[in-house]
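Enquirer: My structure is stored as entry_4.txt, with compact mmCIF, C-alpha atoms.
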```txt
# COMPACT_ATOMS: atom_id res chain seq x y z
CA MET Y 300 44.85 6.80 74.58
CA LYS Y 301 45.41 5.02 71.26
CA THR Y 302 44.04 6.52 68.09
CA LEU Y 303 43.21 4.88 64.83
CA PHE Y 304 46.07 6.61 63.05
CA PRO Y 305 49.59 7.27 64.40
CA VAL Y 306 49.66 10.34 66.64
CA SER Y 307 52.62 11.89 64.88
CA PRO Y 308 53.13 10.47 61.40
CA LYS Y 309 56.13 12.71 60.72
CA GLU Y 310 57.95 11.35 63.75
CA SER Y 311 56.78 7.75 63.53
CA LEU Y 312 57.60 7.07 59.89
CA PRO Y 313 60.82 7.27 57.90
CA MET Y 314 61.60 10.39 55.88
CA PRO Y 315 60.33 10.49 52.28
CA PRO Y 316 62.65 8.92 49.72
CA PRO Y 317 65.03 11.19 47.81
CA VAL Y 318 64.09 12.67 44.45
CA GLY Y 319 66.25 10.18 42.56
CA HIS Y 320 64.41 7.27 44.15
CA ARG Y 321 61.05 8.78 43.19
CA ARG Y 322 62.25 9.13 39.61
CA SER Y 323 63.39 5.51 39.50
CA SER Y 324 60.00 4.45 40.88
CA ALA Y 325 58.25 6.41 38.13
CA VAL Y 326 60.40 4.65 35.52
CA VAL Y 327 59.52 1.23 36.98
CA TYR Y 328 55.82 2.15 37.04
CA GLY Y 329 55.97 3.26 33.41
CA LEU Y 330 57.67 0.04 32.33
CA LEU Y 331 55.15 -2.07 34.26
CA ILE Y 332 52.19 -0.29 32.65
CA VAL Y 333 53.65 -0.73 29.17
CA LEU Y 334 54.39 -4.41 29.87
CA LEU Y 335 50.86 -4.98 31.18
CA LEU Y 336 49.23 -3.42 28.11
CA ALA Y 337 51.53 -5.37 25.80
CA ALA Y 338 50.84 -8.63 27.63
CA MET Y 339 47.08 -8.10 27.49
CA LEU Y 340 47.13 -7.30 23.77
CA LEU Y 341 49.30 -10.35 23.10
CA ALA Y 342 46.97 -12.54 25.17
CA VAL Y 343 43.97 -11.36 23.16
CA SER Y 344 45.87 -11.85 19.91
CA LEU Y 345 47.09 -15.41 20.37
CA GLY Y 346 44.82 -18.46 20.39
CA SER Y 347 43.27 -21.06 18.12
CA THR Y 348 42.38 -18.16 15.80
CA PRO Y 349 45.29 -15.68 15.70
CA ILE Y 350 44.18 -12.05 15.43
CA PRO Y 351 46.59 -9.29 14.27
CA LEU Y 352 47.42 -6.66 16.88
CA VAL Y 353 46.37 -3.89 14.51
CA THR Y 354 42.92 -5.45 14.15
CA ILE Y 355 42.57 -5.74 17.93
CA ALA Y 356 43.50 -2.07 18.36
CA GLN Y 357 40.96 -1.02 15.72
CA VAL Y 358 38.19 -3.13 17.25
CA ILE Y 359 38.88 -1.68 20.71
CA VAL Y 360 38.91 1.90 19.38
CA ASN Y 361 35.64 1.25 17.55
CA GLY Y 362 34.19 -0.09 20.78
CA THR Y 363 34.99 3.14 22.63
CA GLY Y 364 33.05 5.22 20.08
CA LEU Y 365 35.80 7.83 19.93
CA PHE Y 366 36.78 6.92 16.39
CA HIS Y 367 35.54 4.50 13.77
CA PHE Y 368 37.64 2.30 11.52
CA GLN Y 369 35.95 0.73 8.53
CA PRO Y 370 35.77 -3.01 9.31
CA THR Y 371 38.02 -5.10 7.08
CA TRP Y 372 37.76 -8.20 9.25
CA ASP Y 373 35.25 -10.98 9.66
CA PRO Y 374 32.40 -10.13 12.10
CA SER Y 375 33.28 -13.22 14.15
CA VAL Y 376 36.57 -11.56 15.09
CA GLU Y 377 34.74 -8.97 17.20
CA ILE Y 378 32.81 -11.73 18.96
CA ILE Y 379 36.06 -13.58 19.74
CA ILE Y 380 37.67 -10.40 21.09
CA TRP Y 381 34.82 -8.95 23.15
CA GLN Y 382 32.98 -12.05 24.33
CA LEU Y 383 35.62 -14.79 24.56
CA ARG Y 384 39.15 -13.47 25.04
CA MET Y 385 38.88 -10.00 26.52
CA PRO Y 386 36.87 -11.05 29.62
CA VAL Y 387 39.41 -13.80 30.36
CA VAL Y 388 42.40 -11.49 29.91
CA VAL Y 389 40.90 -8.71 32.04
CA GLY Y 390 39.90 -11.31 34.63
CA ALA Y 391 43.46 -12.65 34.73
CA ALA Y 392 44.82 -9.12 35.27
CA LEU Y 393 42.34 -8.52 38.09
CA VAL Y 394 43.14 -11.82 39.79
CA GLY Y 395 46.89 -11.26 39.50
CA ALA Y 396 46.66 -7.75 40.92
CA ALA Y 397 44.39 -8.88 43.77
CA LEU Y 398 46.61 -11.81 44.82
CA ALA Y 399 49.78 -9.70 44.67
CA VAL Y 400 48.29 -6.90 46.78
CA ALA Y 401 46.89 -9.42 49.26
CA GLY Y 402 50.40 -10.88 49.51
CA VAL Y 403 51.82 -7.42 50.28
CA LEU Y 404 49.20 -6.89 52.99
CA PHE Y 405 49.78 -10.24 54.67
CA GLN Y 406 53.56 -9.97 54.49
CA GLY Y 407 53.49 -6.45 55.89
CA LEU Y 408 51.04 -7.29 58.66
CA LEU Y 409 52.63 -10.57 59.74
CA ARG Y 410 56.21 -9.37 59.07
CA ASN Y 411 56.79 -12.73 57.45
CA PRO Y 412 58.39 -12.99 53.99
CA LEU Y 413 56.71 -16.38 53.46
CA ALA Y 414 53.18 -15.07 54.05
CA ASP Y 415 50.81 -15.36 51.11
CA PRO Y 416 47.08 -14.75 50.52
CA PHE Y 417 46.20 -18.37 51.37
CA LEU Y 418 48.01 -18.51 54.71
CA ILE Y 419 45.11 -18.34 57.16
CA GLY Y 420 42.45 -20.44 55.48
CA THR Y 421 41.32 -18.54 52.41
CA SER Y 422 42.28 -21.31 50.01
CA SER Y 423 40.88 -24.19 52.05
CA GLY Y 424 37.62 -22.33 52.69
CA ALA Y 425 37.25 -21.53 48.99
CA ALA Y 426 38.05 -25.15 48.09
CA LEU Y 427 35.42 -26.42 50.50
CA GLY Y 428 32.84 -24.02 49.06
CA ALA Y 429 33.70 -25.13 45.54
CA THR Y 430 33.44 -28.78 46.56
CA ILE Y 431 29.97 -28.18 48.00
CA SER Y 432 28.90 -26.59 44.70
CA PHE Y 433 30.11 -29.63 42.74
CA VAL Y 434 28.35 -32.01 45.14
CA LEU Y 435 25.01 -30.18 44.95
CA PRO Y 436 22.83 -31.16 41.97
CA VAL Y 437 21.42 -27.65 41.46
CA ALA Y 438 24.39 -25.75 40.02
CA ALA Y 439 22.62 -25.07 36.72
CA LEU Y 440 19.99 -22.96 38.50
CA TYR Y 441 22.62 -20.37 39.41
CA ASP Y 442 24.64 -20.19 36.19
CA THR Y 443 22.75 -17.34 34.52
CA PHE Y 444 24.84 -14.48 35.92
CA PHE Y 445 27.34 -16.04 38.30
CA PRO Y 446 28.15 -19.75 38.72
CA LEU Y 447 27.35 -21.37 42.04
CA THR Y 448 31.00 -22.46 42.35
CA ALA Y 449 32.19 -18.85 42.40
CA ILE Y 450 29.55 -17.80 44.93
CA LEU Y 451 30.23 -20.62 47.38
CA ALA Y 452 34.01 -20.28 46.98
CA PHE Y 453 33.75 -16.59 47.85
CA ILE Y 454 31.53 -17.25 50.86
CA GLY Y 455 33.69 -20.17 52.03
CA ALA Y 456 36.89 -18.14 51.84
CA LEU Y 457 35.56 -15.20 53.86
CA ALA Y 458 33.73 -17.37 56.40
CA THR Y 459 36.86 -19.44 57.04
CA VAL Y 460 39.03 -16.36 57.61
CA LEU Y 461 36.48 -14.90 60.02
CA PHE Y 462 36.39 -18.21 61.89
CA VAL Y 463 40.20 -18.39 62.07
CA TYR Y 464 40.40 -14.81 63.34
CA SER Y 465 37.71 -15.38 65.97
CA ILE Y 466 39.34 -18.49 67.47
CA ALA Y 467 42.77 -16.82 67.42
CA ARG Y 468 41.52 -13.83 69.40
CA VAL Y 469 42.44 -14.07 73.08
CA GLY Y 470 41.71 -11.41 75.67
CA GLY Y 471 40.94 -8.74 73.12
CA ARG Y 472 44.17 -9.40 71.21
CA THR Y 473 45.06 -11.53 68.21
CA PRO Y 474 48.69 -12.66 68.48
CA VAL Y 475 50.31 -13.29 65.11
CA VAL Y 476 51.62 -16.71 66.15
CA THR Y 477 48.16 -17.79 67.33
CA LEU Y 478 46.62 -16.54 64.09
CA LEU Y 479 49.09 -18.56 62.02
CA LEU Y 480 48.63 -21.71 64.10
CA ALA Y 481 44.85 -21.39 63.94
CA GLY Y 482 45.12 -21.02 60.16
CA VAL Y 483 47.19 -24.20 59.89
CA VAL Y 484 44.71 -26.19 61.98
CA VAL Y 485 41.62 -24.88 60.20
CA ASN Y 486 43.26 -25.54 56.82
CA SER Y 487 43.68 -29.19 57.81
CA VAL Y 488 40.08 -29.46 59.00
CA MET Y 489 38.75 -27.91 55.78
CA VAL Y 490 40.73 -30.34 53.65
CA ALA Y 491 39.37 -33.22 55.73
CA LEU Y 492 35.80 -31.95 55.27
CA GLN Y 493 36.38 -31.62 51.54
CA THR Y 494 37.59 -35.22 51.35
CA LEU Y 495 34.62 -36.39 53.45
CA LEU Y 496 32.14 -34.68 51.13
CA LEU Y 497 33.69 -36.26 48.05
CA THR Y 498 33.60 -39.66 49.75
CA LEU Y 499 30.00 -39.45 50.98
CA PHE Y 500 28.58 -37.81 47.84
CA PRO Y 501 30.45 -39.26 44.88
CA ARG Y 502 29.83 -37.58 41.54
CA ASN Y 503 30.51 -38.63 37.98
CA ASP Y 504 33.97 -38.42 36.45
CA PHE Y 505 33.12 -35.19 34.63
CA SER Y 506 32.29 -33.40 37.90
CA LEU Y 507 35.46 -34.67 39.57
CA GLN Y 508 37.54 -33.50 36.62
CA SER Y 509 35.85 -30.09 36.76
CA LEU Y 510 36.57 -29.82 40.47
CA PHE Y 511 40.18 -30.84 39.89
CA ASN Y 512 40.52 -28.16 37.22
CA TRP Y 513 39.11 -25.53 39.57
CA LEU Y 514 41.43 -26.54 42.42
CA SER Y 515 44.40 -26.46 40.03
CA GLY Y 516 43.62 -22.90 39.07
CA GLY Y 517 42.29 -21.33 35.89
CA ILE Y 518 40.54 -18.13 34.84
CA ALA Y 519 36.92 -19.35 34.71
CA VAL Y 520 35.14 -16.32 33.26
CA THR Y 521 31.98 -16.83 31.24
CA GLY Y 522 30.91 -13.21 30.77
CA TRP Y 523 31.45 -9.57 31.61
CA TRP Y 524 29.11 -9.71 34.64
CA GLN Y 525 31.68 -11.72 36.56
CA VAL Y 526 34.52 -9.43 35.54
CA LEU Y 527 32.60 -6.29 36.51
CA LEU Y 528 31.53 -7.62 39.91
CA VAL Y 529 34.93 -9.01 40.82
CA GLY Y 530 36.61 -5.91 39.38
CA LEU Y 531 34.47 -3.66 41.60
CA LEU Y 532 35.42 -5.62 44.73
CA VAL Y 533 39.10 -5.69 43.79
CA LEU Y 534 39.17 -1.98 42.90
CA ILE Y 535 37.57 -1.01 46.20
CA GLY Y 536 40.05 -3.24 48.02
CA LEU Y 537 43.02 -1.70 46.20
CA LEU Y 538 41.82 1.83 46.96
CA VAL Y 539 41.41 1.04 50.65
CA ALA Y 540 44.79 -0.72 50.73
CA SER Y 541 46.46 2.35 49.20
CA ARG Y 542 45.23 4.35 52.20
CA LEU Y 543 46.87 1.91 54.61
CA THR Y 544 50.44 1.95 53.28
CA ARG Y 545 51.72 4.17 56.12
CA VAL Y 546 50.11 1.82 58.62
CA LEU Y 547 51.97 -1.12 57.07
CA ASP Y 548 55.22 0.84 57.36
CA VAL Y 549 54.55 1.26 61.08
CA PHE Y 550 53.73 -2.44 61.49
CA ALA Y 551 57.19 -3.18 60.08
CA LEU Y 552 58.61 -1.74 63.32
CA GLY Y 553 56.78 -4.41 65.36
CA GLU Y 554 53.47 -4.36 67.18
CA GLU Y 555 54.88 -2.95 70.42
CA SER Y 556 56.57 -0.08 68.60
CA ALA Y 557 53.44 0.54 66.55
CA ALA Y 558 51.32 0.70 69.71
CA PHE Y 559 53.86 3.02 71.35
CA LEU Y 560 53.60 5.35 68.35
CA GLY Y 561 49.83 5.53 68.82
CA LEU Y 562 48.58 3.02 66.27
CA HIS Y 563 45.39 1.11 67.06
CA VAL Y 564 47.14 -2.22 66.49
CA GLU Y 565 44.23 -4.64 66.91
CA GLY Y 566 41.81 -2.52 64.92
CA TYR Y 567 44.16 -2.23 62.00
CA LYS Y 568 45.15 -5.87 62.24
CA PHE Y 569 41.52 -6.92 61.81
CA LEU Y 570 41.01 -4.42 58.98
CA LEU Y 571 44.09 -5.61 57.08
CA VAL Y 572 43.22 -9.30 57.48
CA MET Y 573 39.65 -8.76 56.29
CA LEU Y 574 40.73 -6.52 53.41
CA ALA Y 575 43.35 -8.98 52.15
CA SER Y 576 40.91 -11.87 52.54
CA LEU Y 577 38.14 -10.01 50.72
CA ILE Y 578 40.19 -9.33 47.60
CA THR Y 579 41.62 -12.87 47.73
CA ALA Y 580 38.13 -14.35 47.97
CA ALA Y 581 36.97 -12.18 45.06
CA ALA Y 582 39.95 -13.38 43.01
CA VAL Y 583 39.61 -17.10 43.69
CA SER Y 584 35.89 -16.97 42.91
CA ILE Y 585 36.79 -16.69 39.20
CA SER Y 586 40.23 -18.31 39.18
CA GLY Y 587 40.36 -21.22 41.58
CA LEU Y 588 43.51 -21.68 43.63
CA ILE Y 589 46.50 -20.04 41.96
CA GLY Y 590 49.63 -20.04 44.07
CA PHE Y 591 52.90 -18.10 44.07
CA VAL Y 592 51.48 -14.90 42.55
CA GLY Y 593 50.98 -13.36 45.99
CA LEU Y 594 54.32 -14.70 47.21
CA VAL Y 595 56.73 -14.05 44.33
CA THR Y 596 55.46 -10.71 43.02
CA PRO Y 597 55.86 -8.68 46.24
CA HIS Y 598 59.40 -10.03 46.64
CA VAL Y 599 60.39 -9.04 43.10
CA MET Y 600 58.94 -5.55 43.52
CA ARG Y 601 60.57 -5.18 46.94
CA LEU Y 602 63.95 -5.98 45.40
CA LEU Y 603 63.35 -3.41 42.65
CA LEU Y 604 61.81 -0.58 44.68
CA GLY Y 605 62.55 -1.20 48.34
CA PRO Y 606 60.25 -1.94 51.28
CA ARG Y 607 58.16 1.27 51.47
CA HIS Y 608 54.56 0.19 50.97
CA ARG Y 609 53.44 3.41 49.30
CA VAL Y 610 55.67 2.45 46.36
CA LEU Y 611 55.52 -1.32 46.77
CA LEU Y 612 51.76 -1.83 46.73
CA PRO Y 613 50.84 -0.33 43.31
CA ALA Y 614 53.94 -1.87 41.73
CA SER Y 615 52.93 -5.28 43.08
CA ALA Y 616 49.42 -4.86 41.65
CA LEU Y 617 50.87 -4.18 38.20
CA GLY Y 618 53.46 -6.94 38.51
CA GLY Y 619 50.89 -9.49 39.64
CA ALA Y 620 48.61 -8.60 36.73
CA ILE Y 621 51.49 -9.01 34.25
CA PHE Y 622 52.57 -12.31 35.80
CA LEU Y 623 49.14 -13.91 35.64
CA VAL Y 624 48.20 -12.59 32.19
CA ILE Y 625 51.40 -14.06 30.76
CA ALA Y 626 50.98 -17.28 32.77
CA ASP Y 627 47.41 -17.71 31.53
CA LEU Y 628 48.52 -17.04 27.95
CA LEU Y 629 51.30 -19.65 28.13
CA ALA Y 630 49.02 -22.15 29.85
CA ARG Y 631 46.54 -21.83 26.96
CA THR Y 632 49.02 -21.86 24.07
CA LEU Y 633 52.16 -23.71 25.13
CA ILE Y 634 50.88 -27.19 24.27
CA ALA Y 635 47.64 -26.22 22.51
CA PRO Y 636 44.99 -27.50 22.15
CA THR Y 637 45.64 -28.92 25.65
CA VAL Y 638 45.20 -26.22 28.31
CA LEU Y 639 47.48 -26.42 31.34
CA PRO Y 640 46.08 -25.47 34.77
CA VAL Y 641 47.34 -21.95 35.50
CA GLY Y 642 48.03 -22.82 39.14
CA VAL Y 643 50.35 -25.63 38.09
CA PHE Y 644 52.12 -23.34 35.64
CA THR Y 645 52.64 -20.51 38.16
CA ALA Y 646 54.05 -22.99 40.67
CA LEU Y 647 56.44 -24.55 38.16
CA VAL Y 648 57.67 -21.13 37.05
CA GLY Y 649 57.31 -19.17 40.28
CA ALA Y 650 59.02 -21.57 42.69
CA PRO Y 651 62.39 -21.85 40.86
CA PHE Y 652 62.39 -18.11 40.09
CA PHE Y 653 61.67 -17.28 43.72
CA LEU Y 654 64.50 -19.52 44.92
CA PHE Y 655 66.82 -17.95 42.32
CA LEU Y 656 65.99 -14.45 43.56
CA LEU Y 657 66.58 -15.36 47.19
CA ARG Y 658 69.85 -17.09 46.34
CA ARG Y 659 71.24 -14.32 44.15
CA ARG Y 660 69.99 -11.23 45.99
CA ARG Y 661 69.98 -12.44 49.59
CA ARG Y 662 72.50 -9.85 50.76
CA GLU Y 663 70.59 -6.98 49.17
CA TYR Y 664 67.17 -8.05 50.41
CA GLN Y 665 65.43 -5.54 52.69
CA TRP Y 666 62.37 -6.04 54.83
```
Once you've parsed the file, please lay out its structure as structure tokens.

Expert:
Amino acid sequence: MKTLFPVSPKESLPMPPPVGHRRSSAVVYGLLIVLLLAAMLLAVSLGSTPIPLVTIAQVIVNGTGLFHFQPTWDPSVEIIIWQLRMPVVVGAALVGAALAVAGVLFQGLLRNPLADPFLIGTSSGAALGATISFVLPVAALYDTFFPLTAILAFIGALATVLFVYSIARVGGRTPVVTLLLAGVVVNSVMVALQTLLLTLFPRNDFSLQSLFNWLSGGIAVTGWWQVLLVGLLVLIGLLVASRLTRVLDVFALGEESAAFLGLHVEGYKFLLVMLASLITAAAVSISGLIGFVGLVTPHVMRLLLGPRHRVLLPASALGGAIFLVIADLLARTLIAPTVLPVGVFTALVGAPFFLFLLRRRRREYQW
């Protein structure tokens, strides 16, 4: 009888890594945390109104209430930091971490190095939901706490994944190949529906430009309510994912081997798909469609730390947050005052870098 967890984890999983490997992992984690904090401070500092790093640190410390520095800066600086830049920077870190972890989950589950968070319909469902919000004339009624675009994108992403999973399920099983094929077909249908809506319900040029900006990707945060709600969903998803790292290691052996070792394959497959889709939907609700974060980051971390998911997953979360915070910063400042779509920037940077990694490290790559 199959159980939810492997019957004998000690026998079914590889031995723990040696002490030296654990030390190297700790060093990588430390560097990633330092890089993330530095990137976030730099992103808050740079903009149309540059703010010194020392001032930012003092304002943040004052905000915690643990210590108080006598203000020597203009009061508008605190408004810029707390209400304009900090929510965007924290939102970018959350989105990057969510997409990277979702990429790890999909790649581990599907045993496919090309799997990413948008593989089985999340992106097309979110895009359709966003398109509906731009077509409807009532968006302003929902903008007080959370824009209608974010709500419908979240609902569209999750509903599409559930639909893909349901039509791919045959005889109580969900074959990976069927799941991927169903995702491809549903993606095409969603794009067609999106085009049909824009054709039947034309909007003004401003709405079309806004929709284009959302589809191209960008951290669209208007307040801390969005960051807190999305952060809660992402944090819960990351905590649950951290409890499933041993399961992902077993999936790497193949579904038949995992079932032989006592893993409830179909139950965990559904859980992993829904978990990855949930955090992806939460991310795209405030960012639009940003590609390559969930594809490139897990590969880079796998090359640095190896394929064990207990080590790979938190490193990917940190790496994804760093990647997107820096990408958002460069997209806002590279050709200021023009703001580049973050999704375009991540694709232009991520694709060549990904190809470079595969070309240079192909012999050392482990799955």

Enquirer: Within 10 Å of (50.3, -15.4, 26.9) (coordinates as in the file), grab all the protein and nucleic acid residues, counting only C-alpha atoms, and write them out as a PyMOL selection string.

Expert: chain Y and resi 338-346+388+621-633

Enquirer: What lies within 9 Å of Ala580 (chain Y) using only C-alpha atoms, ignoring chain neighbours under 5 positions off, as a list in words?

Expert: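 The residues that qualify are Thr421, Ser422, Ala425, Ala452, Phe453, Ile454, Gly455, Ala456, Leu457 and Ala575 of chain Y.
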
Enquirer: Calculate, to one decimal in Å, the centre and edge lengths of the box along x, y and z of the file that holds all listed atoms of region 594-605 of chain Y with 4 Å of margin on each side, and present them as JSON.

Expert:
```
{"center_x": 59.1, "center_y": -7.6, "center_z": 45.5, "size_x": 17.6, "size_y": 22.1, "size_z": 13.7}
```

Enquirer: Just the number, please: distance in Å from CA of Leu604 (chain Y) to CA of Ala616 (chain Y), one decimal.

Expert: 13.5 Å

Enquirer: Given all atoms listed in the file as the basis, pick out the residue of Y:Leu352, Y:Val529, Y:Ala481, Y:Leu451 nearest to Thr579 (chain Y).

Expert: Y:Val529
